[in-house]
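Trainee: query_4.tsv is reproduced below (TSV, C-alpha atoms).
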chain	number	residue	atom	x	y	z
C	1	MET	CA	104.90	9.03	312.61
C	2	ASN	CA	107.34	9.80	309.87
C	3	PRO	CA	106.03	12.67	307.74
C	4	ALA	CA	108.01	11.45	304.73
C	5	ALA	CA	106.05	8.18	304.73
C	6	LEU	CA	102.75	9.99	304.28
C	7	PRO	CA	101.63	10.77	300.74
C	8	THR	CA	102.27	14.39	299.88
C	9	ASN	CA	99.13	16.05	298.67
C	10	PRO	CA	99.08	18.44	295.76
C	11	PRO	CA	98.52	21.92	297.15
C	12	VAL	CA	94.86	22.86	297.43
C	13	ALA	CA	95.83	26.36	298.48
C	14	THR	CA	95.91	27.94	295.04
C	15	PRO	CA	96.02	31.74	294.97
C	16	PHE	CA	92.74	31.90	293.05
C	17	PHE	CA	90.75	30.23	295.82
C	18	PHE	CA	92.43	32.34	298.47
C	19	TYR	CA	91.44	35.57	296.75
C	20	LEU	CA	87.93	34.29	296.02
C	21	LEU	CA	87.33	33.30	299.64
C	22	ALA	CA	88.94	36.48	300.93
C	23	ALA	CA	86.62	38.55	298.73
C	24	VAL	CA	83.60	36.58	299.99
C	25	MET	CA	84.69	37.16	303.58
C	26	ILE	CA	85.31	40.89	303.16
C	27	ILE	CA	82.01	41.46	301.36
C	28	GLY	CA	80.22	39.39	304.00
C	29	GLY	CA	81.85	41.42	306.76
C	30	ILE	CA	80.85	44.71	305.14
C	31	LEU	CA	77.27	43.46	304.81
C	32	VAL	CA	77.24	42.44	308.49
C	33	ILE	CA	78.01	45.95	309.68
C	34	THR	CA	75.86	47.85	307.18
C	35	ARG	CA	72.53	45.97	306.89
C	36	LYS	CA	69.50	47.40	308.66
C	37	ASN	CA	67.79	44.07	309.15
C	38	ALA	CA	69.58	41.97	311.77
C	39	VAL	CA	68.55	38.74	310.02
C	40	HIS	CA	70.34	39.87	306.85
C	41	SER	CA	73.41	40.64	308.96
C	42	ALA	CA	73.26	37.15	310.45
C	43	MET	CA	73.03	35.58	306.98
C	44	ALA	CA	76.05	37.59	305.80
C	45	LEU	CA	77.94	36.52	308.93
C	46	ILE	CA	77.14	32.86	308.22
C	47	THR	CA	78.54	33.28	304.69
C	48	THR	CA	81.69	34.81	306.14
C	49	LEU	CA	82.07	31.97	308.64
C	50	LEU	CA	81.66	29.31	305.95
C	51	ALA	CA	84.25	31.00	303.71
C	52	GLN	CA	86.55	31.10	306.71
C	53	ALA	CA	86.04	27.36	307.24
C	54	ALA	CA	87.18	26.86	303.63
C	55	LEU	CA	90.26	28.96	304.37
C	56	TYR	CA	91.00	26.71	307.35
C	57	LEU	CA	90.95	23.76	304.96
C	58	MET	CA	93.46	25.59	302.77
C	59	LEU	CA	95.64	26.02	305.85
C	60	TYR	CA	95.59	22.23	306.44
C	61	ALA	CA	93.39	22.53	309.52
C	62	PRO	CA	90.44	20.22	308.77
C	63	PHE	CA	89.44	19.76	312.40
C	64	VAL	CA	89.19	23.48	313.06
C	65	ALA	CA	87.23	23.83	309.82
C	66	GLY	CA	84.74	21.22	311.00
C	67	VAL	CA	84.43	22.84	314.41
C	68	GLN	CA	83.92	26.19	312.70
C	69	ILE	CA	81.02	24.90	310.61
C	70	ILE	CA	79.33	22.82	313.32
C	71	LEU	CA	79.82	25.16	316.27
C	72	TYR	CA	79.88	28.62	314.72
C	73	ALA	CA	77.67	28.41	311.66
C	74	GLY	CA	75.52	25.68	313.18
C	75	GLY	CA	75.35	26.51	316.88
C	76	ILE	CA	76.16	30.11	317.66
C	77	MET	CA	74.44	31.58	314.62
C	78	VAL	CA	71.26	29.60	315.31
C	79	LEU	CA	71.32	31.08	318.81
C	80	PHE	CA	71.67	34.55	317.27
C	81	LEU	CA	68.78	33.95	314.88
C	82	PHE	CA	66.59	32.70	317.72
C	83	VAL	CA	67.24	35.83	319.74
C	84	ILE	CA	66.67	38.07	316.71
C	85	MET	CA	63.29	36.42	316.22
C	86	LEU	CA	62.47	36.78	319.93
C	87	ILE	CA	63.23	40.49	320.14
C	88	SER	CA	62.96	41.62	316.55
C	89	ILE	CA	60.79	44.67	316.28
C	90	GLU	CA	59.90	46.33	313.02
C	91	ARG	CA	60.62	49.83	314.23
C	92	THR	CA	64.36	49.20	314.76
C	93	GLU	CA	64.73	49.17	310.98
C	94	LYS	CA	63.30	52.66	310.69
C	95	GLU	CA	65.43	54.08	313.47
C	96	ARG	CA	68.89	55.58	313.17
C	97	GLN	CA	71.29	52.70	312.55
C	98	PHE	CA	74.54	54.34	313.65
C	99	ASN	CA	75.18	55.99	316.98
C	100	LYS	CA	76.29	59.56	317.56
C	101	GLN	CA	79.96	58.66	317.97
C	102	TRP	CA	80.22	57.01	314.57
C	103	LEU	CA	82.75	59.55	313.29
C	104	VAL	CA	85.02	59.06	316.31
C	105	GLY	CA	84.55	55.31	315.97
C	106	ILE	CA	85.63	55.30	312.35
C	107	ALA	CA	88.60	57.54	313.21
C	108	ALA	CA	89.66	55.09	315.95
C	109	ALA	CA	89.30	52.16	313.55
C	110	ALA	CA	91.35	54.03	310.93
C	111	ALA	CA	94.09	54.62	313.52
C	112	LEU	CA	94.07	50.90	314.31
C	113	GLY	CA	94.28	50.15	310.56
C	114	GLY	CA	97.28	52.47	310.30
C	115	LEU	CA	98.90	50.55	313.14
C	116	PHE	CA	98.29	47.24	311.33
C	117	ILE	CA	99.77	48.61	308.10
C	118	ALA	CA	102.78	49.93	309.99
C	119	VAL	CA	103.38	46.55	311.61
C	120	TYR	CA	102.89	44.49	308.46
C	121	THR	CA	105.13	46.65	306.31
C	122	THR	CA	107.95	46.78	308.85
C	123	THR	CA	111.05	45.18	307.39
C	124	THR	CA	114.07	43.95	309.30
C	125	SER	CA	117.12	43.38	307.12
C	126	GLY	CA	115.04	43.40	303.97
C	127	ARG	CA	112.37	40.92	305.12
C	128	THR	CA	108.93	41.48	306.57
C	129	LEU	CA	108.20	40.24	310.07
C	130	PHE	CA	106.26	37.24	308.79
C	131	PRO	CA	108.06	35.38	305.99
C	132	GLU	CA	106.36	32.70	303.99
C	133	GLY	CA	105.77	29.40	305.73
C	134	LYS	CA	105.80	26.25	303.62
C	135	LEU	CA	103.92	23.12	304.57
C	136	THR	CA	103.57	19.94	302.56
C	137	PHE	CA	102.46	17.46	305.21
C	138	ALA	CA	99.41	15.37	304.63
C	139	GLU	CA	96.60	16.56	306.86
C	140	GLY	CA	95.17	13.08	307.51
C	141	ASP	CA	96.34	12.89	311.12
C	142	ASN	CA	95.61	16.50	312.04
C	143	THR	CA	92.64	15.60	314.25
C	144	GLN	CA	94.67	12.90	315.98
C	145	ARG	CA	97.48	15.33	316.74
C	146	ILE	CA	95.07	17.95	318.12
C	147	ALA	CA	93.57	15.26	320.34
C	148	GLY	CA	97.10	14.43	321.47
C	149	LEU	CA	97.67	18.02	322.52
C	150	LEU	CA	94.31	18.17	324.31
C	151	PHE	CA	93.92	14.79	326.01
C	152	ASP	CA	97.05	12.68	325.90
C	153	ARG	CA	98.81	12.09	329.21
C	154	ALA	CA	102.29	12.44	327.73
C	155	THR	CA	101.83	15.19	325.13
C	156	GLY	CA	98.70	16.88	326.47
C	157	THR	CA	99.95	20.41	327.04
C	158	TYR	CA	96.43	21.81	327.14
C	159	MET	CA	94.67	19.24	329.31
C	160	PHE	CA	94.18	21.65	332.22
C	161	ALA	CA	93.04	24.44	329.89
C	162	PHE	CA	90.54	22.01	328.38
C	163	GLU	CA	89.04	21.29	331.81
C	164	ILE	CA	88.88	25.03	332.54
C	165	ALA	CA	87.08	25.51	329.23
C	166	SER	CA	84.40	23.02	330.26
C	167	LEU	CA	84.00	24.90	333.54
C	168	LEU	CA	83.67	28.13	331.56
C	169	LEU	CA	80.89	26.60	329.47
C	170	LEU	CA	79.08	25.48	332.63
C	171	VAL	CA	79.30	28.99	334.06
C	172	ALA	CA	78.07	30.41	330.76
C	173	ILE	CA	75.05	28.08	330.75
C	174	ILE	CA	74.13	29.09	334.30
C	175	GLY	CA	74.74	32.74	333.52
C	176	ALA	CA	72.59	32.69	330.41
C	177	VAL	CA	69.73	31.01	332.26
C	178	VAL	CA	69.98	33.45	335.18
C	179	MET	CA	70.02	36.42	332.82
C	180	ALA	CA	67.23	35.32	330.52
C	181	LYS	CA	64.81	33.82	333.04
C	182	LYS	CA	62.18	36.11	334.39
C	183	ARG	CA	61.99	34.74	337.91
C	184	ILE	CA	64.36	32.19	339.40
L	185	MET	CA	100.38	35.10	290.75
L	186	LEU	CA	102.36	35.08	293.96
L	187	ASP	CA	102.17	32.17	296.33
L	188	ILE	CA	99.90	32.70	299.30
L	189	SER	CA	102.04	33.30	302.36
L	190	THR	CA	101.22	33.77	306.03
L	191	LEU	CA	101.20	37.52	305.48
L	192	HIS	CA	98.23	37.25	303.12
L	193	TYR	CA	96.17	35.61	305.83
L	194	LEU	CA	97.30	38.18	308.37
L	195	VAL	CA	96.22	41.04	306.12
L	196	LEU	CA	92.83	39.40	305.61
L	197	GLY	CA	92.55	38.92	309.35
L	198	ALA	CA	93.42	42.56	309.96
L	199	ALA	CA	90.77	43.69	307.47
L	200	LEU	CA	88.11	41.55	309.15
L	201	PHE	CA	89.22	42.80	312.56
L	202	LEU	CA	88.83	46.40	311.40
L	203	LEU	CA	85.36	45.68	310.00
L	204	GLY	CA	84.42	44.22	313.37
L	205	VAL	CA	85.81	47.22	315.24
L	206	ILE	CA	83.88	49.62	313.01
L	207	GLY	CA	80.73	47.60	313.64
L	208	VAL	CA	81.21	47.62	317.42
L	209	LEU	CA	81.96	51.34	317.56
L	210	THR	CA	79.29	52.65	315.21
L	211	ARG	CA	76.20	50.42	315.27
L	212	ARG	CA	73.29	50.90	317.66
L	213	ASN	CA	71.62	47.52	317.42
L	214	VAL	CA	72.99	45.27	320.17
L	215	VAL	CA	72.57	42.11	318.11
L	216	ILE	CA	74.73	43.53	315.33
L	217	VAL	CA	77.31	44.71	317.87
L	218	LEU	CA	77.51	41.14	319.17
L	219	MET	CA	77.87	39.84	315.61
L	220	SER	CA	80.71	42.32	315.04
L	221	ILE	CA	82.41	40.88	318.11
L	222	GLU	CA	82.11	37.46	316.47
L	223	LEU	CA	83.80	38.94	313.38
L	224	ILE	CA	86.69	40.16	315.56
L	225	LEU	CA	87.08	36.77	317.22
L	226	ASN	CA	87.10	35.09	313.82
L	227	ALA	CA	89.78	37.43	312.51
L	228	VAL	CA	91.97	36.44	315.46
L	229	ASN	CA	91.21	32.77	314.83
L	230	LEU	CA	92.29	33.11	311.21
L	231	ASN	CA	95.58	34.64	312.34
L	232	LEU	CA	96.14	31.83	314.84
L	233	VAL	CA	95.54	29.09	312.29
L	234	ALA	CA	97.77	30.83	309.73
L	235	PHE	CA	100.53	31.11	312.33
L	236	SER	CA	99.98	27.45	313.19
L	237	ARG	CA	100.69	26.53	309.56
L	238	TYR	CA	103.80	28.68	309.57
L	239	TRP	CA	104.94	27.12	312.83
L	240	GLN	CA	104.33	23.62	311.47
L	241	GLY	CA	106.61	24.42	308.56
L	242	ILE	CA	109.40	25.02	311.08
L	243	HIS	CA	108.70	22.52	313.87
L	244	GLY	CA	106.99	19.63	312.14
L	245	PRO	CA	103.34	18.55	311.91
L	246	SER	CA	102.79	18.21	315.66
L	247	ALA	CA	103.22	21.94	316.32
L	248	LEU	CA	99.48	22.57	316.33
L	249	HIS	CA	99.29	25.02	319.21
L	250	GLY	CA	97.67	27.72	317.07
L	251	GLN	CA	94.85	25.41	316.07
L	252	VAL	CA	94.28	24.35	319.68
L	253	PHE	CA	94.11	28.03	320.62
L	254	ALA	CA	91.58	28.60	317.85
L	255	ILE	CA	89.40	25.83	319.29
L	256	PHE	CA	89.58	27.43	322.74
L	257	ILE	CA	88.59	30.78	321.25
L	258	ILE	CA	85.59	29.18	319.54
L	259	THR	CA	84.58	27.78	322.96
L	260	ASP	CA	84.90	31.24	324.47
L	261	ALA	CA	82.88	32.71	321.64
L	262	ALA	CA	80.07	30.25	322.35
L	263	ALA	CA	80.09	31.17	326.04
L	264	GLU	CA	80.22	34.88	325.24
L	265	ALA	CA	77.35	34.65	322.77
L	266	ALA	CA	75.18	32.74	325.24
L	267	VAL	CA	75.75	35.18	328.11
L	268	GLY	CA	75.55	38.26	325.84
L	269	LEU	CA	72.27	37.20	324.32
L	270	GLY	CA	70.94	36.34	327.77
L	271	ILE	CA	71.77	39.86	328.93
L	272	LEU	CA	70.16	41.21	325.76
L	273	ILE	CA	66.90	39.37	326.46
L	274	ALA	CA	66.84	40.65	330.05
L	275	PHE	CA	67.55	44.16	328.81
L	276	PHE	CA	64.85	43.99	326.16
L	277	ARG	CA	62.33	42.80	328.71
L	278	ASN	CA	63.01	45.85	330.88
L	279	LYS	CA	63.49	48.63	328.34
L	280	GLU	CA	61.71	47.46	325.15
L	281	THR	CA	64.65	48.54	323.01
L	282	VAL	CA	67.72	46.97	321.44
L	283	ASN	CA	69.80	50.13	321.01
L	284	VAL	CA	73.05	50.35	322.91
L	285	ASP	CA	72.96	54.12	323.37
L	286	GLU	CA	69.71	53.84	325.29
L	287	VAL	CA	71.45	51.81	328.00
L	288	ASN	CA	72.47	54.68	330.25
L	289	LEU	CA	71.33	53.67	333.71
L	290	LEU	CA	74.89	53.62	335.03
L	291	LYS	CA	75.75	56.94	333.43
L	292	TRP	CA	75.65	60.20	335.38
Give the structure from the file, written as structure tokens.

Mentor:
Amino acid sequence: MNPAALPTNPPVATPFFFYLLAAVMIIGGILVITRKNAVHSAMALITTLLAQAALYLMLYAPFVAGVQIILYAGGIMVLFLFVIMLISIERTEKERQFNKQWLVGIAAAAALGGLFIAVYTTTTSGRTLFPEGKLTFAEGDNTQRIAGLLFDRATGTYMFAFEIASLLLLVAIIGAVVMAKKRI
Amino acid sequence: MLDISTLHYLVLGAALFLLGVIGVLTRRNVVIVLMSIELILNAVNLNLVAFSRYWQGIHGPSALHGQVFAIFIITDAAAEAAVGLGILIAFFRNKETVNVDEVNLLKW
């Protein structure tokens, strides 16, 4: 398909929305790791995941955005909430929330952050490692192209990986049942 | 304001990754540790999709490998959450606690 024949969309990725969604995600992430009540953490995580789905749309990835909402916010988080309700005990909120190694943990995370900063500010011949990428294609056939990579006989680079992924899910189902069932 | 480049997304991804790492290393509640792992996986996914956009700008709209990788990572996250929560239920049944630092049977 000729990309020039497709209508070029006006950019939805305005800086304002990026910073708004980024702020929502960061605040959500901070809430996830600081709340005492696990249900509150789960709610904050769902907010973060939904904001991330919106960011995927800004990156012209509508299929991944849909998968993110349906699978992550809809599937995995419901599983989390179920388990929280199964094992939630009131006394965990009154206990110590952080373990004894929290200082070492934060130091390790700070070292990792320093590494990230060092990598992202590295410049080679006046440019950072990751220059700006421009994209003005219409995203209408994004899903079709992903399907081409996953299933098509000619262009399906990831067909074998897809089959392995289904095997992984089968193993995960069996593993979860074996782990959670009292007597098999 | 500046245009949003790939680097912006990478910095956001790095920040989320760090939040996840802090959560994994410092929290005691297993459920919240697992949720922090989800945060880390999502940070990586954001990076992959941002790189996919950058790659598409160079190689045309069919260069969607980053997005395909993101889908595989979401699959792995689902499997990981299912098995992790299964282990958590088994653990809770035996020890009546959800704190990671009380799991010390293999420690000597």

Trainee: For a test of reading the model, state the distance in Å between CA of Leu194 (chain L) and CA of Leu248 (chain L), rounded to one decimal.

Mentor: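 CA of Leu194 (chain L) sits 17.7 Å away from CA of Leu248 (chain L).
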
Trainee: In Å, rounded to a single decimal, give me how far CA of Val195 (chain L) is from CA of His243 (chain L).

Mentor: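 Those two atoms sit 23.6 Å apart.
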
Trainee: Mind giving me the straight-line distance from CA of Phe253 (chain L) to CA of Leu112 (chain C) in Å, one decimal?

Mentor: 23.7 Å

Trainee: When the cut-off is 7 Å and we count only C-alpha atoms, which residues of chain C are near chain L, given as a VMD selection string?

Mentor: chain C and resid 15 22 26 29 to 30 33 38 59 64 76 83 97 to 99 101 to 102 105 to 106 109 113 116 130 132 to 135 137 145 to 146 169 172 175 to 176 179 to 180

Trainee: Closest to Ile221 (chain L) among C:Ser166, C:Leu79, C:Val32, C:Leu21, using only C-alpha atoms?

Mentor: C:Val32

Trainee: Identify which of the residues C:Val39, C:Leu167, C:Ala154, C:Leu20 lies closest to Ile87 (chain C), counting all atoms listed in the file when measuring atom-to-atom distances.

Mentor: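 Once distances to Ile87 (chain C) are computed over all atoms listed in the file, the minimum belongs to C:Val39.
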
Trainee: Save region 70-164 of chain C to disk from that block, C-alpha atoms included, as a PDB file, in the first residue's frame.

Mentor:
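Result written to out.pdb:
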ATOM      1  CA  ILE C  70      -8.605  -5.031  27.297  1.00  0.00           C
ATOM      2  CA  LEU C  71      -5.834  -7.304  28.554  1.00  0.00           C
ATOM      3  CA  TYR C  72      -4.036  -5.216  31.156  1.00  0.00           C
ATOM      4  CA  ALA C  73      -6.657  -2.938  32.635  1.00  0.00           C
ATOM      5  CA  GLY C  74      -9.449  -5.411  31.970  1.00  0.00           C
ATOM      6  CA  GLY C  75      -7.878  -8.824  32.518  1.00  0.00           C
ATOM      7  CA  ILE C  76      -4.732  -8.733  34.606  1.00  0.00           C
ATOM      8  CA  MET C  77      -5.928  -6.050  37.000  1.00  0.00           C
ATOM      9  CA  VAL C  78      -9.208  -7.881  37.620  1.00  0.00           C
ATOM     10  CA  LEU C  79      -7.117 -10.930  38.502  1.00  0.00           C
ATOM     11  CA  PHE C  80      -5.100  -8.784  40.913  1.00  0.00           C
ATOM     12  CA  LEU C  81      -8.242  -7.380  42.529  1.00  0.00           C
ATOM     13  CA  PHE C  82      -9.689 -10.868  42.918  1.00  0.00           C
ATOM     14  CA  VAL C  83      -6.579 -12.075  44.703  1.00  0.00           C
ATOM     15  CA  ILE C  84      -6.468  -8.964  46.896  1.00  0.00           C
ATOM     16  CA  MET C  85     -10.037  -9.673  47.962  1.00  0.00           C
ATOM     17  CA  LEU C  86      -9.213 -13.348  48.589  1.00  0.00           C
ATOM     18  CA  ILE C  87      -6.226 -12.703  50.823  1.00  0.00           C
ATOM     19  CA  SER C  88      -6.798  -9.176  52.025  1.00  0.00           C
ATOM     20  CA  ILE C  89      -6.408  -8.967  55.750  1.00  0.00           C
ATOM     21  CA  GLU C  90      -6.972  -5.820  57.746  1.00  0.00           C
ATOM     22  CA  ARG C  91      -3.823  -6.169  59.796  1.00  0.00           C
ATOM     23  CA  THR C  92      -1.471  -5.794  56.804  1.00  0.00           C
ATOM     24  CA  GLU C  93      -2.407  -2.115  56.730  1.00  0.00           C
ATOM     25  CA  LYS C  94      -1.226  -1.618  60.285  1.00  0.00           C
ATOM     26  CA  GLU C  95       2.043  -3.444  59.770  1.00  0.00           C
ATOM     27  CA  ARG C  96       5.322  -1.991  58.586  1.00  0.00           C
ATOM     28  CA  GLN C  97       4.932  -1.261  54.871  1.00  0.00           C
ATOM     29  CA  PHE C  98       8.589  -1.165  53.861  1.00  0.00           C
ATOM     30  CA  ASN C  99      11.150  -3.870  54.488  1.00  0.00           C
ATOM     31  CA  LYS C 100      14.407  -3.508  56.362  1.00  0.00           C
ATOM     32  CA  GLN C 101      16.506  -3.084  53.223  1.00  0.00           C
ATOM     33  CA  TRP C 102      14.556  -0.070  52.001  1.00  0.00           C
ATOM     34  CA  LEU C 103      17.560   2.251  52.255  1.00  0.00           C
ATOM     35  CA  VAL C 104      19.761  -0.104  50.214  1.00  0.00           C
ATOM     36  CA  GLY C 105      16.901  -0.557  47.772  1.00  0.00           C
ATOM     37  CA  ILE C 106      16.517   3.161  47.228  1.00  0.00           C
ATOM     38  CA  ALA C 107      20.294   3.524  46.851  1.00  0.00           C
ATOM     39  CA  ALA C 108      20.301   0.776  44.192  1.00  0.00           C
ATOM     40  CA  ALA C 109      17.403   2.454  42.377  1.00  0.00           C
ATOM     41  CA  ALA C 110      19.226   5.802  42.525  1.00  0.00           C
ATOM     42  CA  ALA C 111      22.317   4.173  41.004  1.00  0.00           C
ATOM     43  CA  LEU C 112      20.139   2.776  38.218  1.00  0.00           C
ATOM     44  CA  GLY C 113      18.633   6.255  37.708  1.00  0.00           C
ATOM     45  CA  GLY C 114      22.136   7.698  37.433  1.00  0.00           C
ATOM     46  CA  LEU C 115      22.905   5.101  34.785  1.00  0.00           C
ATOM     47  CA  PHE C 116      19.772   6.086  32.832  1.00  0.00           C
ATOM     48  CA  ILE C 117      20.682   9.773  33.021  1.00  0.00           C
ATOM     49  CA  ALA C 118      24.218   9.006  31.885  1.00  0.00           C
ATOM     50  CA  VAL C 119      22.947   7.036  28.896  1.00  0.00           C
ATOM     51  CA  TYR C 120      20.291   9.539  27.857  1.00  0.00           C
ATOM     52  CA  THR C 121      22.579  12.550  28.070  1.00  0.00           C
ATOM     53  CA  THR C 122      25.418  10.909  26.153  1.00  0.00           C
ATOM     54  CA  THR C 123      26.074  12.834  22.964  1.00  0.00           C
ATOM     55  CA  THR C 124      27.974  11.610  19.935  1.00  0.00           C
ATOM     56  CA  SER C 125      29.048  14.385  17.588  1.00  0.00           C
ATOM     57  CA  GLY C 126      26.633  16.829  19.151  1.00  0.00           C
ATOM     58  CA  ARG C 127      23.525  14.599  19.043  1.00  0.00           C
ATOM     59  CA  THR C 128      21.949  12.414  21.678  1.00  0.00           C
ATOM     60  CA  LEU C 129      21.732   8.680  21.067  1.00  0.00           C
ATOM     61  CA  PHE C 130      18.043   8.874  20.210  1.00  0.00           C
ATOM     62  CA  PRO C 131      17.216  11.675  17.767  1.00  0.00           C
ATOM     63  CA  GLU C 132      13.672  12.663  17.018  1.00  0.00           C
ATOM     64  CA  GLY C 133      11.665  10.289  14.875  1.00  0.00           C
ATOM     65  CA  LYS C 134       8.991  11.750  12.632  1.00  0.00           C
ATOM     66  CA  LEU C 135       5.949   9.814  11.518  1.00  0.00           C
ATOM     67  CA  THR C 136       3.020  11.073   9.500  1.00  0.00           C
ATOM     68  CA  PHE C 137       1.464   7.842   8.266  1.00  0.00           C
ATOM     69  CA  ALA C 138      -2.193   7.225   8.780  1.00  0.00           C
ATOM     70  CA  GLU C 139      -2.681   4.570  11.429  1.00  0.00           C
ATOM     71  CA  GLY C 140      -5.722   2.972   9.771  1.00  0.00           C
ATOM     72  CA  ASP C 141      -3.911  -0.172   8.673  1.00  0.00           C
ATOM     73  CA  ASN C 142      -1.792  -0.618  11.791  1.00  0.00           C
ATOM     74  CA  THR C 143      -3.750  -3.653  12.990  1.00  0.00           C
ATOM     75  CA  GLN C 144      -3.549  -5.228   9.548  1.00  0.00           C
ATOM     76  CA  ARG C 145       0.212  -4.783   9.430  1.00  0.00           C
ATOM     77  CA  ILE C 146       0.669  -6.273  12.909  1.00  0.00           C
ATOM     78  CA  ALA C 147      -1.421  -9.246  11.810  1.00  0.00           C
ATOM     79  CA  GLY C 148       0.841  -9.525   8.774  1.00  0.00           C
ATOM     80  CA  LEU C 149       3.892  -9.755  11.006  1.00  0.00           C
ATOM     81  CA  LEU C 150       2.214 -12.308  13.267  1.00  0.00           C
ATOM     82  CA  PHE C 151       0.277 -14.619  10.934  1.00  0.00           C
ATOM     83  CA  ASP C 152       1.053 -14.051   7.279  1.00  0.00           C
ATOM     84  CA  ARG C 153       2.920 -16.824   5.501  1.00  0.00           C
ATOM     85  CA  ALA C 154       5.106 -14.438   3.509  1.00  0.00           C
ATOM     86  CA  THR C 155       5.762 -11.623   5.982  1.00  0.00           C
ATOM     87  CA  GLY C 156       5.103 -13.426   9.264  1.00  0.00           C
ATOM     88  CA  THR C 157       8.429 -13.025  11.016  1.00  0.00           C
ATOM     89  CA  TYR C 158       6.925 -13.804  14.401  1.00  0.00           C
ATOM     90  CA  MET C 159       4.715 -16.779  13.566  1.00  0.00           C
ATOM     91  CA  PHE C 160       6.836 -19.255  15.534  1.00  0.00           C
ATOM     92  CA  ALA C 161       7.128 -16.857  18.484  1.00  0.00           C
ATOM     93  CA  PHE C 162       3.348 -16.511  18.431  1.00  0.00           C
ATOM     94  CA  GLU C 163       2.906 -20.280  18.728  1.00  0.00           C
ATOM     95  CA  ILE C 164       5.448 -20.371  21.563  1.00  0.00           C
TER      96      ILE C 164
END
